[in-house]
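**Student:** Once you've had a glance at the structure underneath, I'll fire off some questions.
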Amino acid sequence: MTESNSPLIIDVAVPLRLYTTFHYAVPPELAPLATTGVRVLVPFGRRKLTGYVIGIVAESEEELKPISAVLDPEPLFTSEELEFFRWSASYYLHPLGEVIKTALPAGINVESRKRQVCSADGMETEEEVLIGGKGVKRETFYRAVPSLELPANLRGKGLRIAEFLRTISEAAAGQLRREFGATPAHFRRLLELGLVEASEREVYRDPFREEVFAHDTPLVLNDSQSEALERIIAATDGRAFAPFLLHGVTGSGKTEVYLQSIAHVLDAGKTALVLVPEIALTPQLVKRFKSRFTCGIAVLHSGLSDGERYDEWRRIRRKEVSIVIGARSALFAPLSAIGIIVVDEEHEASYKQSEGFRYNARDLALVRGKMSKAVVILGSATPLLTTYHAAQEGKLGYLHLPHRVRNLPMPATELLDARGHKGDTFLPQLTSAIAKNLAAGGQTLLFLNRRGFATYLVCQDCGHVLRCPNCSVTLTYHRRRERHFCHYCDYSIPAPSVCPECDSQAIGLLGRGTERVEEEVRELFPLARVGRMDRDTTSGRGGHARVLKGLEDGTIDILIGTQMIAKGHDFPGVTLVGVVSADATLNIPDFRSSERTFQLISQVMGRAGRGDAPGKVLIQSLAPDHYAITHAVAHDFEGFYAEEISFRREVGYPPFTHLAALTLSGNSVAEVEKGAEAVAGVLHSTKRELKSRVEILGPVSAPLGKIRGRYRWQILLKSTGRAELHRLLARFKAGVKLPAVVRMAVDVDPVDM
Ligand code: ADP
Ligand code: ZN
Ligand code: ZN
């Protein structure tokens, strides 16, 4: 308690698009609870909001409004975590309140709403209610009172439950319901007879409760793995931040290096954070961790219910787990004493959040690692150009696994020139390779990066193409649903039988997607068991796991899929990989299109020949001379790097410059354009004021000029120095004012440019 009678003043961040925080007074009765890290309900304009206490303010001159309530009995984040949130907010120029909201599990967020209520005298009044918030799950447990004899008149389920309880220490009501069909009447009866005792306590919702994990032990490492592990271990003993690139070809045993490094860190009493691109796609990895370690492991990913996520979060907060595995947002897990952070498949674009708080978990992992004095391992077979460059410059330790484990060879790869065969899905070489592989009992993966049946519908008479009215893209035909869909906004129309423009019947479908390839495969190979893996076949909980299990169990001979099949799966039965189209990503307007294409093809190729049988890869390409493709086919990362880095140097793109993109969007194209011009004006005057050398490019209409009905204009900032770029952005943000109908998003280090 402070000595004077002046009230406690707190600094509160609210989850709104506001860059300032707000001071509030704390009524004396709430003062002991209002500490840094708790949520408070605060009056804000005419409503009430949940805010986060980020500090205690000594004094304030202003007349301050009091907070309405303190929402948590204990802090949700520590001062170290707050420091990390602040750093992230300032680097990405995003409001702190929104950063904190992103960092906390969704299940925790409560919101207050006004509700009209009728009071006793018939007057309408407003009442404040709190909605949302998952809260804690409680469950009743039953335990036998063994001293009593079981009475003779106890029969049926009641008897079986009583007998069962005598064989174990206790059982949850839920388990007794599931296994014995117990009802409330059974529990009442047993309690009345004094045969059981009940107690209630908090339980966790465990997404893995039904799975059993076999135990396994560390493998004997090969020489490259041992060397990598030794260097990592030496760094963990250094008690300082130590970042590494673990560059290992597909199947070189990177995961085993992670596992043994983590074991070492746990032995030293520290914890581990493991980031993966998307857990639903990597159930095998979770399995390997659960089999190897007996300590508490929390798994965080988008497939969890809010309740499960909240429970996992609480287990971490309470220090009941030593390992956290999760996708992007797990980076904000309330894990303390972090000794190691692993970013698996560090090149994956899914580490970047592309909406709202646009952070990159791969980049922030290095920041959190630095703050925790931890080892950070960025692992990949195809590291980002910028990562490899940093390793070359000595900013990251370079660990190399150049060969597959057990001396398995890299798959034999053949590049097929598809020019002049535009109409065919498969060149004859690919068809016969599939047939041969089928006959030999091997599994085949077929990759192309477009889902749906056909890419678009075009009229041969007037040239009309079906387009989305909300987005600047063509509609994709999905045969099973007989509709044309927009892949950006899900707008759809029934498949027309004549051209909507000129009524001609000469309308044709062009391009192909996974659905069409699946149909062709079924026609070509009627006896094969065919599966498909894309967003359409894996929606819903467990969708990915179902398809992957088919491959694992050998109930699928041929799997057709999008990017999803390129991820780090390890399926020993896959002996043939066919890349149906390798070029689509080369044509996207992005300076990283070559890098993306190289990564994607290398990753898909890496799925072949991971078992005892050697693998084979066939790649159909319309650009067989492109260096991204020739180097991928040759398994030549260094060769690709050398060419790409000189291109980047020439055109002044990362790693030689730092970028930030400003996107202006709104429903009126004129307003958006005007807003973009105004923003550019402010940028130019700020630049003059600061004598900055940051390049301002644009404004121009964005490559996808319209998405979900909103027009988009872009300005790109380019700078050789990161600090200079941030100075300009921060000053500019403080000075810019936009009409309410135009929104601006700032993307620091954008990945889609
Ligand atoms: P990566 O992550 O580099 O693609 P993994 O770690 O998944 O490779 O390893 C590929 C396979 O090789 C796995 O089945 C793994 O169990 C096995 N493996 C890894 N290291 C060794 C080793 N030293 N000896 C034998 N097998 C290994
Ligand atoms: Zn037409
Ligand atoms: Zn659309």
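If you're wondering about the labels, chains in the structure tokens are A, B, ... by order shown, residues count from 1 in each chain, ligands from 1 in order shown.
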Please identify the residues whose atoms come within 10 Å of ligand 3, using only C-alpha atoms and all ligand atoms, and report them as a PyMOL selection string.
**Tutor:** chain A and resi 467-475+485-492+706-709
**Student:** Write out as a ChimeraX atom specification each polymer residue whose atoms come within 8 Å of Leu246 of chain A, counting only C-alpha atoms; drop sequence neighbours fewer than 4 positions from it.
**Tutor:** /A:228,254,377-380,398-401
**Student:** Using only C-alpha atoms and all ligand atoms, which residue out of A:Gly698, A:Gly37, A:Gly253, A:Pro589 lies closest to ligand 1?
**Tutor:**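 Nearest candidate to ligand 1 out of A:Gly698, A:Gly37, A:Gly253, A:Pro589: A:Gly253.
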**Student:** To check your reading of the model: which residues sit at most 10 Å from ligand 2 when counting only C-alpha atoms and all ligand atoms? Write the answer as a PyMOL selection string.
**Tutor:** chain A and resi 458-465+498-507
**Student:** Restrict the selected residues to C-alpha atoms and save them as an mmCIF file, in the first residue's frame.
**Tutor:**
```cif
data_model
loop_
_atom_site.group_PDB
_atom_site.id
_atom_site.type_symbol
_atom_site.label_atom_id
_atom_site.label_comp_id
_atom_site.auth_asym_id
_atom_site.auth_seq_id
_atom_site.Cartn_x
_atom_site.Cartn_y
_atom_site.Cartn_z
ATOM 1 C CA VAL A 458 -13.473 -19.932 -70.662
ATOM 2 C CA CYS A 459 -15.886 -19.260 -73.539
ATOM 3 C CA GLN A 460 -14.411 -20.150 -76.916
ATOM 4 C CA ASP A 461 -16.706 -17.690 -78.694
ATOM 5 C CA CYS A 462 -16.367 -14.500 -76.710
ATOM 6 C CA GLY A 463 -13.388 -15.289 -74.484
ATOM 7 C CA HIS A 464 -15.357 -14.684 -71.309
ATOM 8 C CA VAL A 465 -13.734 -16.182 -68.200
ATOM 9 C CA VAL A 498 -23.816 -21.871 -71.479
ATOM 10 C CA CYS A 499 -21.590 -18.788 -71.408
ATOM 11 C CA PRO A 500 -23.183 -16.265 -69.030
ATOM 12 C CA GLU A 501 -22.001 -13.496 -71.353
ATOM 13 C CA CYS A 502 -23.025 -14.655 -74.875
ATOM 14 C CA ASP A 503 -25.060 -17.849 -74.289
ATOM 15 C CA SER A 504 -22.614 -19.860 -76.378
ATOM 16 C CA GLN A 505 -22.409 -23.541 -75.576
ATOM 17 C CA ALA A 506 -18.748 -23.623 -76.545
ATOM 18 C CA ILE A 507 -17.478 -23.254 -73.019
#
```
**Student:** Within 9 Å of ligand 1, counting only C-alpha atoms and all ligand atoms, which protein or nucleic acid residues do you find, written as an NGL selection string?
**Tutor:** :A and (218-223 or 225-226 or 247-259 or 285 or 288 or 344-345 or 379-381 or 401 or 404-406 or 568-572 or 606-607 or 610-611)
**Student:** How would you write, as a PDB file with C-alpha atoms, in the first residue's frame, the set of residues in segment 420-668 of chain A that DSSP gives as strand (DSSP E or B)?
**Tutor:**
```pdb
ATOM      1  CA  GLN A 443       3.326 -46.175 -53.076  1.00  0.00           C
ATOM      2  CA  THR A 444       3.176 -43.120 -55.321  1.00  0.00           C
ATOM      3  CA  LEU A 445       2.749 -39.436 -54.457  1.00  0.00           C
ATOM      4  CA  LEU A 446       1.543 -37.067 -57.159  1.00  0.00           C
ATOM      5  CA  PHE A 447       1.965 -33.389 -56.510  1.00  0.00           C
ATOM      6  CA  ALA A 454     -10.224 -27.138 -63.433  1.00  0.00           C
ATOM      7  CA  TYR A 456     -11.079 -21.811 -64.954  1.00  0.00           C
ATOM      8  CA  LEU A 457     -13.920 -21.805 -67.426  1.00  0.00           C
ATOM      9  CA  VAL A 458     -13.473 -19.932 -70.662  1.00  0.00           C
ATOM     10  CA  CYS A 459     -15.886 -19.260 -73.539  1.00  0.00           C
ATOM     11  CA  VAL A 465     -13.734 -16.182 -68.200  1.00  0.00           C
ATOM     12  CA  ARG A 467     -14.219 -14.506 -62.330  1.00  0.00           C
ATOM     13  CA  THR A 474     -10.734 -16.671 -61.698  1.00  0.00           C
ATOM     14  CA  THR A 476     -12.083 -22.820 -59.888  1.00  0.00           C
ATOM     15  CA  TYR A 477     -14.431 -25.604 -60.921  1.00  0.00           C
ATOM     16  CA  HIS A 478     -15.092 -28.323 -58.301  1.00  0.00           C
ATOM     17  CA  ARG A 483     -19.893 -25.401 -58.656  1.00  0.00           C
ATOM     18  CA  HIS A 484     -17.239 -22.830 -59.415  1.00  0.00           C
ATOM     19  CA  PHE A 485     -15.484 -21.546 -56.281  1.00  0.00           C
ATOM     20  CA  SER A 492     -19.427 -19.877 -55.546  1.00  0.00           C
ATOM     21  CA  ILE A 493     -21.915 -20.276 -58.387  1.00  0.00           C
ATOM     22  CA  PRO A 494     -23.491 -23.385 -59.914  1.00  0.00           C
ATOM     23  CA  ILE A 507     -17.478 -23.254 -73.019  1.00  0.00           C
ATOM     24  CA  GLY A 508     -14.474 -25.262 -71.904  1.00  0.00           C
ATOM     25  CA  LEU A 509     -12.572 -25.962 -68.726  1.00  0.00           C
ATOM     26  CA  LEU A 510      -8.899 -25.116 -68.765  1.00  0.00           C
ATOM     27  CA  VAL A 530      -6.364 -43.670 -54.730  1.00  0.00           C
ATOM     28  CA  GLY A 531      -6.415 -40.917 -52.131  1.00  0.00           C
ATOM     29  CA  ARG A 532      -6.379 -37.142 -52.289  1.00  0.00           C
ATOM     30  CA  MET A 533      -4.978 -34.655 -49.816  1.00  0.00           C
ATOM     31  CA  ILE A 558      -1.492 -43.396 -55.027  1.00  0.00           C
ATOM     32  CA  LEU A 559      -1.921 -40.138 -53.152  1.00  0.00           C
ATOM     33  CA  ILE A 560      -2.597 -36.932 -55.054  1.00  0.00           C
ATOM     34  CA  GLY A 561      -2.094 -33.715 -53.178  1.00  0.00           C
ATOM     35  CA  VAL A 574       6.743 -44.126 -50.948  1.00  0.00           C
ATOM     36  CA  THR A 575       9.013 -45.120 -53.820  1.00  0.00           C
ATOM     37  CA  LEU A 576       7.765 -42.808 -56.562  1.00  0.00           C
ATOM     38  CA  VAL A 577       7.057 -39.096 -56.526  1.00  0.00           C
ATOM     39  CA  GLY A 578       5.560 -37.453 -59.586  1.00  0.00           C
ATOM     40  CA  VAL A 579       5.472 -33.682 -59.851  1.00  0.00           C
ATOM     41  CA  LYS A 616      12.444 -42.316 -57.937  1.00  0.00           C
ATOM     42  CA  VAL A 617      11.218 -38.835 -58.836  1.00  0.00           C
ATOM     43  CA  LEU A 618       9.751 -37.630 -62.140  1.00  0.00           C
ATOM     44  CA  ILE A 619       9.212 -33.937 -62.663  1.00  0.00           C
ATOM     45  CA  GLN A 620       7.110 -32.531 -65.498  1.00  0.00           C
ATOM     46  CA  SER A 621       7.988 -28.948 -66.268  1.00  0.00           C
ATOM     47  CA  HIS A 658      15.018  -4.806 -45.492  1.00  0.00           C
ATOM     48  CA  LEU A 659      11.430  -4.374 -46.600  1.00  0.00           C
ATOM     49  CA  ALA A 660       8.150  -3.161 -45.194  1.00  0.00           C
ATOM     50  CA  ALA A 661       4.876  -3.140 -47.097  1.00  0.00           C
ATOM     51  CA  LEU A 662       1.968  -0.837 -46.436  1.00  0.00           C
ATOM     52  CA  THR A 663      -1.362  -2.054 -47.759  1.00  0.00           C
ATOM     53  CA  LEU A 664      -4.285   0.325 -48.009  1.00  0.00           C
ATOM     54  CA  SER A 665      -7.685  -1.251 -48.485  1.00  0.00           C
ATOM     55  CA  GLY A 666     -11.316  -0.235 -48.691  1.00  0.00           C
TER      56      GLY A 666
END
```
**Student:** Using only C-alpha atoms, which residue out of A:Thr537, A:Ala670, A:Leu8, A:Ser60 lies closest to Arg710 of chain A?
**Tutor:**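 Of the candidates, the smallest distance to Arg710 of chain A is held by A:Ala670.
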**Student:** Apply DSSP to the structure's backbone, then extract all residues of segment 145-283 of chain A labelled alpha helix (DSSP H) and return them as a PDB file with N, CA and C atoms, in the first residue's frame.
**Tutor:**
```
ATOM      1  N   GLY A 156     -26.183 -55.926 -11.102  1.00  0.00           N
ATOM      2  CA  GLY A 156     -26.044 -55.246 -12.399  1.00  0.00           C
ATOM      3  C   GLY A 156     -24.906 -54.245 -12.432  1.00  0.00           C
ATOM      4  N   LYS A 157     -25.161 -53.112 -13.123  1.00  0.00           N
ATOM      5  CA  LYS A 157     -24.128 -52.098 -13.313  1.00  0.00           C
ATOM      6  C   LYS A 157     -23.571 -51.583 -11.999  1.00  0.00           C
ATOM      7  N   GLY A 158     -24.495 -51.353 -11.024  1.00  0.00           N
ATOM      8  CA  GLY A 158     -24.067 -50.812  -9.737  1.00  0.00           C
ATOM      9  C   GLY A 158     -23.006 -51.707  -9.109  1.00  0.00           C
ATOM     10  N   LEU A 159     -23.223 -53.015  -9.173  1.00  0.00           N
ATOM     11  CA  LEU A 159     -22.289 -53.969  -8.592  1.00  0.00           C
ATOM     12  C   LEU A 159     -20.958 -53.940  -9.344  1.00  0.00           C
ATOM     13  N   ARG A 160     -21.077 -53.927 -10.679  1.00  0.00           N
ATOM     14  CA  ARG A 160     -19.848 -53.939 -11.469  1.00  0.00           C
ATOM     15  C   ARG A 160     -19.005 -52.683 -11.208  1.00  0.00           C
ATOM     16  N   ILE A 161     -19.687 -51.540 -11.060  1.00  0.00           N
ATOM     17  CA  ILE A 161     -18.948 -50.294 -10.794  1.00  0.00           C
ATOM     18  C   ILE A 161     -18.259 -50.377  -9.432  1.00  0.00           C
ATOM     19  N   ALA A 162     -19.010 -50.850  -8.422  1.00  0.00           N
ATOM     20  CA  ALA A 162     -18.452 -50.943  -7.068  1.00  0.00           C
ATOM     21  C   ALA A 162     -17.251 -51.881  -7.047  1.00  0.00           C
ATOM     22  N   GLU A 163     -17.393 -53.009  -7.767  1.00  0.00           N
ATOM     23  CA  GLU A 163     -16.268 -53.960  -7.799  1.00  0.00           C
ATOM     24  C   GLU A 163     -15.067 -53.368  -8.512  1.00  0.00           C
ATOM     25  N   PHE A 164     -15.353 -52.686  -9.617  1.00  0.00           N
ATOM     26  CA  PHE A 164     -14.268 -52.085 -10.383  1.00  0.00           C
ATOM     27  C   PHE A 164     -13.506 -51.066  -9.535  1.00  0.00           C
ATOM     28  N   LEU A 165     -14.263 -50.232  -8.792  1.00  0.00           N
ATOM     29  CA  LEU A 165     -13.618 -49.184  -7.996  1.00  0.00           C
ATOM     30  C   LEU A 165     -12.701 -49.787  -6.930  1.00  0.00           C
ATOM     31  N   ARG A 166     -13.023 -51.027  -6.491  1.00  0.00           N
ATOM     32  CA  ARG A 166     -12.167 -51.654  -5.480  1.00  0.00           C
ATOM     33  C   ARG A 166     -10.837 -52.103  -6.056  1.00  0.00           C
ATOM     34  N   THR A 167     -10.764 -52.158  -7.404  1.00  0.00           N
ATOM     35  CA  THR A 167      -9.508 -52.608  -8.005  1.00  0.00           C
ATOM     36  C   THR A 167      -8.561 -51.447  -8.312  1.00  0.00           C
ATOM     37  N   ALA A 173     -15.959 -39.748 -13.134  1.00  0.00           N
ATOM     38  CA  ALA A 173     -17.342 -40.036 -13.517  1.00  0.00           C
ATOM     39  C   ALA A 173     -17.432 -40.316 -15.017  1.00  0.00           C
ATOM     40  N   GLY A 174     -16.690 -39.535 -15.799  1.00  0.00           N
ATOM     41  CA  GLY A 174     -16.731 -39.693 -17.255  1.00  0.00           C
ATOM     42  C   GLY A 174     -16.285 -41.081 -17.687  1.00  0.00           C
ATOM     43  N   GLN A 175     -15.220 -41.567 -17.059  1.00  0.00           N
ATOM     44  CA  GLN A 175     -14.710 -42.893 -17.410  1.00  0.00           C
ATOM     45  C   GLN A 175     -15.752 -43.970 -17.067  1.00  0.00           C
ATOM     46  N   LEU A 176     -16.401 -43.828 -15.892  1.00  0.00           N
ATOM     47  CA  LEU A 176     -17.402 -44.816 -15.472  1.00  0.00           C
ATOM     48  C   LEU A 176     -18.613 -44.779 -16.395  1.00  0.00           C
ATOM     49  N   ARG A 177     -18.937 -43.572 -16.877  1.00  0.00           N
ATOM     50  CA  ARG A 177     -20.042 -43.467 -17.828  1.00  0.00           C
ATOM     51  C   ARG A 177     -19.689 -44.181 -19.120  1.00  0.00           C
ATOM     52  N   ARG A 178     -18.459 -43.926 -19.612  1.00  0.00           N
ATOM     53  CA  ARG A 178     -18.044 -44.519 -20.892  1.00  0.00           C
ATOM     54  C   ARG A 178     -17.921 -46.036 -20.795  1.00  0.00           C
ATOM     55  N   GLU A 179     -17.293 -46.528 -19.710  1.00  0.00           N
ATOM     56  CA  GLU A 179     -16.972 -47.950 -19.660  1.00  0.00           C
ATOM     57  C   GLU A 179     -18.100 -48.817 -19.120  1.00  0.00           C
ATOM     58  N   PHE A 180     -18.921 -48.249 -18.229  1.00  0.00           N
ATOM     59  CA  PHE A 180     -19.964 -49.070 -17.595  1.00  0.00           C
ATOM     60  C   PHE A 180     -21.368 -48.562 -17.877  1.00  0.00           C
ATOM     61  N   PRO A 184     -26.394 -40.989 -13.307  1.00  0.00           N
ATOM     62  CA  PRO A 184     -26.438 -40.308 -12.002  1.00  0.00           C
ATOM     63  C   PRO A 184     -27.120 -41.160 -10.934  1.00  0.00           C
ATOM     64  N   ALA A 185     -28.122 -41.961 -11.352  1.00  0.00           N
ATOM     65  CA  ALA A 185     -28.826 -42.806 -10.381  1.00  0.00           C
ATOM     66  C   ALA A 185     -27.878 -43.825  -9.741  1.00  0.00           C
ATOM     67  N   HIS A 186     -26.996 -44.397 -10.576  1.00  0.00           N
ATOM     68  CA  HIS A 186     -26.023 -45.348 -10.023  1.00  0.00           C
ATOM     69  C   HIS A 186     -25.134 -44.686  -8.999  1.00  0.00           C
ATOM     70  N   PHE A 187     -24.630 -43.484  -9.329  1.00  0.00           N
ATOM     71  CA  PHE A 187     -23.734 -42.789  -8.401  1.00  0.00           C
ATOM     72  C   PHE A 187     -24.459 -42.476  -7.089  1.00  0.00           C
ATOM     73  N   ARG A 188     -25.728 -42.020  -7.212  1.00  0.00           N
ATOM     74  CA  ARG A 188     -26.506 -41.678  -6.004  1.00  0.00           C
ATOM     75  C   ARG A 188     -26.648 -42.896  -5.098  1.00  0.00           C
ATOM     76  N   ARG A 189     -27.011 -44.005  -5.713  1.00  0.00           N
ATOM     77  CA  ARG A 189     -27.243 -45.240  -4.962  1.00  0.00           C
ATOM     78  C   ARG A 189     -25.977 -45.658  -4.205  1.00  0.00           C
ATOM     79  N   LEU A 190     -24.841 -45.655  -4.922  1.00  0.00           N
ATOM     80  CA  LEU A 190     -23.592 -46.095  -4.306  1.00  0.00           C
ATOM     81  C   LEU A 190     -23.185 -45.158  -3.165  1.00  0.00           C
ATOM     82  N   LEU A 191     -23.478 -43.868  -3.347  1.00  0.00           N
ATOM     83  CA  LEU A 191     -23.159 -42.907  -2.288  1.00  0.00           C
ATOM     84  C   LEU A 191     -24.051 -43.137  -1.071  1.00  0.00           C
ATOM     85  N   GLU A 192     -25.372 -43.372  -1.333  1.00  0.00           N
ATOM     86  CA  GLU A 192     -26.313 -43.611  -0.244  1.00  0.00           C
ATOM     87  C   GLU A 192     -25.924 -44.833   0.576  1.00  0.00           C
ATOM     88  N   ASP A 223      28.127 -39.803 -38.028  1.00  0.00           N
ATOM     89  CA  ASP A 223      29.169 -38.811 -37.748  1.00  0.00           C
ATOM     90  C   ASP A 223      28.679 -37.369 -37.845  1.00  0.00           C
ATOM     91  N   SER A 224      27.940 -37.058 -38.914  1.00  0.00           N
ATOM     92  CA  SER A 224      27.481 -35.662 -39.050  1.00  0.00           C
ATOM     93  C   SER A 224      26.516 -35.302 -37.934  1.00  0.00           C
ATOM     94  N   GLN A 225      25.627 -36.252 -37.598  1.00  0.00           N
ATOM     95  CA  GLN A 225      24.681 -35.985 -36.508  1.00  0.00           C
ATOM     96  C   GLN A 225      25.437 -35.754 -35.192  1.00  0.00           C
ATOM     97  N   SER A 226      26.451 -36.589 -34.933  1.00  0.00           N
ATOM     98  CA  SER A 226      27.219 -36.448 -33.682  1.00  0.00           C
ATOM     99  C   SER A 226      27.903 -35.098 -33.607  1.00  0.00           C
ATOM    100  N   GLU A 227      28.467 -34.706 -34.747  1.00  0.00           N
ATOM    101  CA  GLU A 227      29.182 -33.438 -34.742  1.00  0.00           C
ATOM    102  C   GLU A 227      28.224 -32.280 -34.460  1.00  0.00           C
ATOM    103  N   ALA A 228      27.049 -32.340 -35.109  1.00  0.00           N
ATOM    104  CA  ALA A 228      26.050 -31.293 -34.884  1.00  0.00           C
ATOM    105  C   ALA A 228      25.645 -31.274 -33.412  1.00  0.00           C
ATOM    106  N   LEU A 229      25.357 -32.463 -32.866  1.00  0.00           N
ATOM    107  CA  LEU A 229      24.922 -32.530 -31.471  1.00  0.00           C
ATOM    108  C   LEU A 229      25.997 -31.981 -30.532  1.00  0.00           C
ATOM    109  N   GLU A 230      27.244 -32.343 -30.799  1.00  0.00           N
ATOM    110  CA  GLU A 230      28.312 -31.868 -29.922  1.00  0.00           C
ATOM    111  C   GLU A 230      28.393 -30.351 -29.906  1.00  0.00           C
ATOM    112  N   ARG A 231      28.274 -29.761 -31.084  1.00  0.00           N
ATOM    113  CA  ARG A 231      28.353 -28.298 -31.133  1.00  0.00           C
ATOM    114  C   ARG A 231      27.170 -27.651 -30.424  1.00  0.00           C
ATOM    115  N   ILE A 232      26.013 -28.274 -30.543  1.00  0.00           N
ATOM    116  CA  ILE A 232      24.838 -27.727 -29.857  1.00  0.00           C
ATOM    117  C   ILE A 232      25.015 -27.846 -28.347  1.00  0.00           C
ATOM    118  N   ILE A 233      25.469 -29.017 -27.912  1.00  0.00           N
ATOM    119  CA  ILE A 233      25.648 -29.226 -26.469  1.00  0.00           C
ATOM    120  C   ILE A 233      26.676 -28.250 -25.907  1.00  0.00           C
ATOM    121  N   ALA A 234      27.751 -28.053 -26.649  1.00  0.00           N
ATOM    122  CA  ALA A 234      28.760 -27.101 -26.184  1.00  0.00           C
ATOM    123  C   ALA A 234      28.138 -25.723 -26.005  1.00  0.00           C
ATOM    124  N   ALA A 235      27.200 -25.372 -26.879  1.00  0.00           N
ATOM    125  CA  ALA A 235      26.572 -24.045 -26.794  1.00  0.00           C
ATOM    126  C   ALA A 235      25.588 -23.965 -25.645  1.00  0.00           C
ATOM    127  N   THR A 236      24.908 -25.076 -25.324  1.00  0.00           N
ATOM    128  CA  THR A 236      23.951 -25.012 -24.211  1.00  0.00           C
ATOM    129  C   THR A 236      24.697 -24.803 -22.903  1.00  0.00           C
ATOM    130  N   LYS A 254      17.503 -34.972 -38.968  1.00  0.00           N
ATOM    131  CA  LYS A 254      17.479 -33.728 -38.199  1.00  0.00           C
ATOM    132  C   LYS A 254      16.675 -33.901 -36.909  1.00  0.00           C
ATOM    133  N   THR A 255      15.538 -34.595 -37.048  1.00  0.00           N
ATOM    134  CA  THR A 255      14.670 -34.734 -35.884  1.00  0.00           C
ATOM    135  C   THR A 255      15.396 -35.440 -34.736  1.00  0.00           C
ATOM    136  N   GLU A 256      16.206 -36.432 -35.067  1.00  0.00           N
ATOM    137  CA  GLU A 256      16.957 -37.144 -34.029  1.00  0.00           C
ATOM    138  C   GLU A 256      17.930 -36.183 -33.334  1.00  0.00           C
ATOM    139  N   VAL A 257      18.504 -35.259 -34.096  1.00  0.00           N
ATOM    140  CA  VAL A 257      19.391 -34.263 -33.478  1.00  0.00           C
ATOM    141  C   VAL A 257      18.599 -33.345 -32.544  1.00  0.00           C
ATOM    142  N   TYR A 258      17.399 -32.942 -32.968  1.00  0.00           N
ATOM    143  CA  TYR A 258      16.567 -32.124 -32.065  1.00  0.00           C
ATOM    144  C   TYR A 258      16.314 -32.890 -30.768  1.00  0.00           C
ATOM    145  N   LEU A 259      15.894 -34.156 -30.919  1.00  0.00           N
ATOM    146  CA  LEU A 259      15.495 -34.943 -29.746  1.00  0.00           C
ATOM    147  C   LEU A 259      16.643 -35.064 -28.751  1.00  0.00           C
ATOM    148  N   GLN A 260      17.841 -35.356 -29.258  1.00  0.00           N
ATOM    149  CA  GLN A 260      18.959 -35.563 -28.326  1.00  0.00           C
ATOM    150  C   GLN A 260      19.456 -34.232 -27.744  1.00  0.00           C
ATOM    151  N   SER A 261      19.357 -33.151 -28.516  1.00  0.00           N
ATOM    152  CA  SER A 261      19.725 -31.838 -27.969  1.00  0.00           C
ATOM    153  C   SER A 261      18.766 -31.465 -26.841  1.00  0.00           C
ATOM    154  N   ILE A 262      17.498 -31.738 -27.084  1.00  0.00           N
ATOM    155  CA  ILE A 262      16.484 -31.399 -26.086  1.00  0.00           C
ATOM    156  C   ILE A 262      16.689 -32.221 -24.817  1.00  0.00           C
ATOM    157  N   ALA A 263      17.000 -33.508 -24.983  1.00  0.00           N
ATOM    158  CA  ALA A 263      17.239 -34.363 -23.814  1.00  0.00           C
ATOM    159  C   ALA A 263      18.335 -33.744 -22.944  1.00  0.00           C
ATOM    160  N   HIS A 264      19.349 -33.221 -23.600  1.00  0.00           N
ATOM    161  CA  HIS A 264      20.460 -32.621 -22.865  1.00  0.00           C
ATOM    162  C   HIS A 264      20.006 -31.377 -22.096  1.00  0.00           C
ATOM    163  N   VAL A 265      19.203 -30.558 -22.764  1.00  0.00           N
ATOM    164  CA  VAL A 265      18.710 -29.325 -22.138  1.00  0.00           C
ATOM    165  C   VAL A 265      17.810 -29.653 -20.942  1.00  0.00           C
ATOM    166  N   LEU A 266      16.959 -30.688 -21.089  1.00  0.00           N
ATOM    167  CA  LEU A 266      16.070 -31.073 -19.993  1.00  0.00           C
ATOM    168  C   LEU A 266      16.878 -31.564 -18.799  1.00  0.00           C
ATOM    169  N   ASP A 267      17.938 -32.311 -19.073  1.00  0.00           N
ATOM    170  CA  ASP A 267      18.800 -32.804 -17.993  1.00  0.00           C
ATOM    171  C   ASP A 267      19.385 -31.655 -17.190  1.00  0.00           C
ATOM    172  N   PRO A 283       1.726 -35.255 -37.501  1.00  0.00           N
ATOM    173  CA  PRO A 283       1.398 -36.035 -36.304  1.00  0.00           C
ATOM    174  C   PRO A 283       2.547 -36.962 -35.908  1.00  0.00           C
TER     175      PRO A 283
END
```
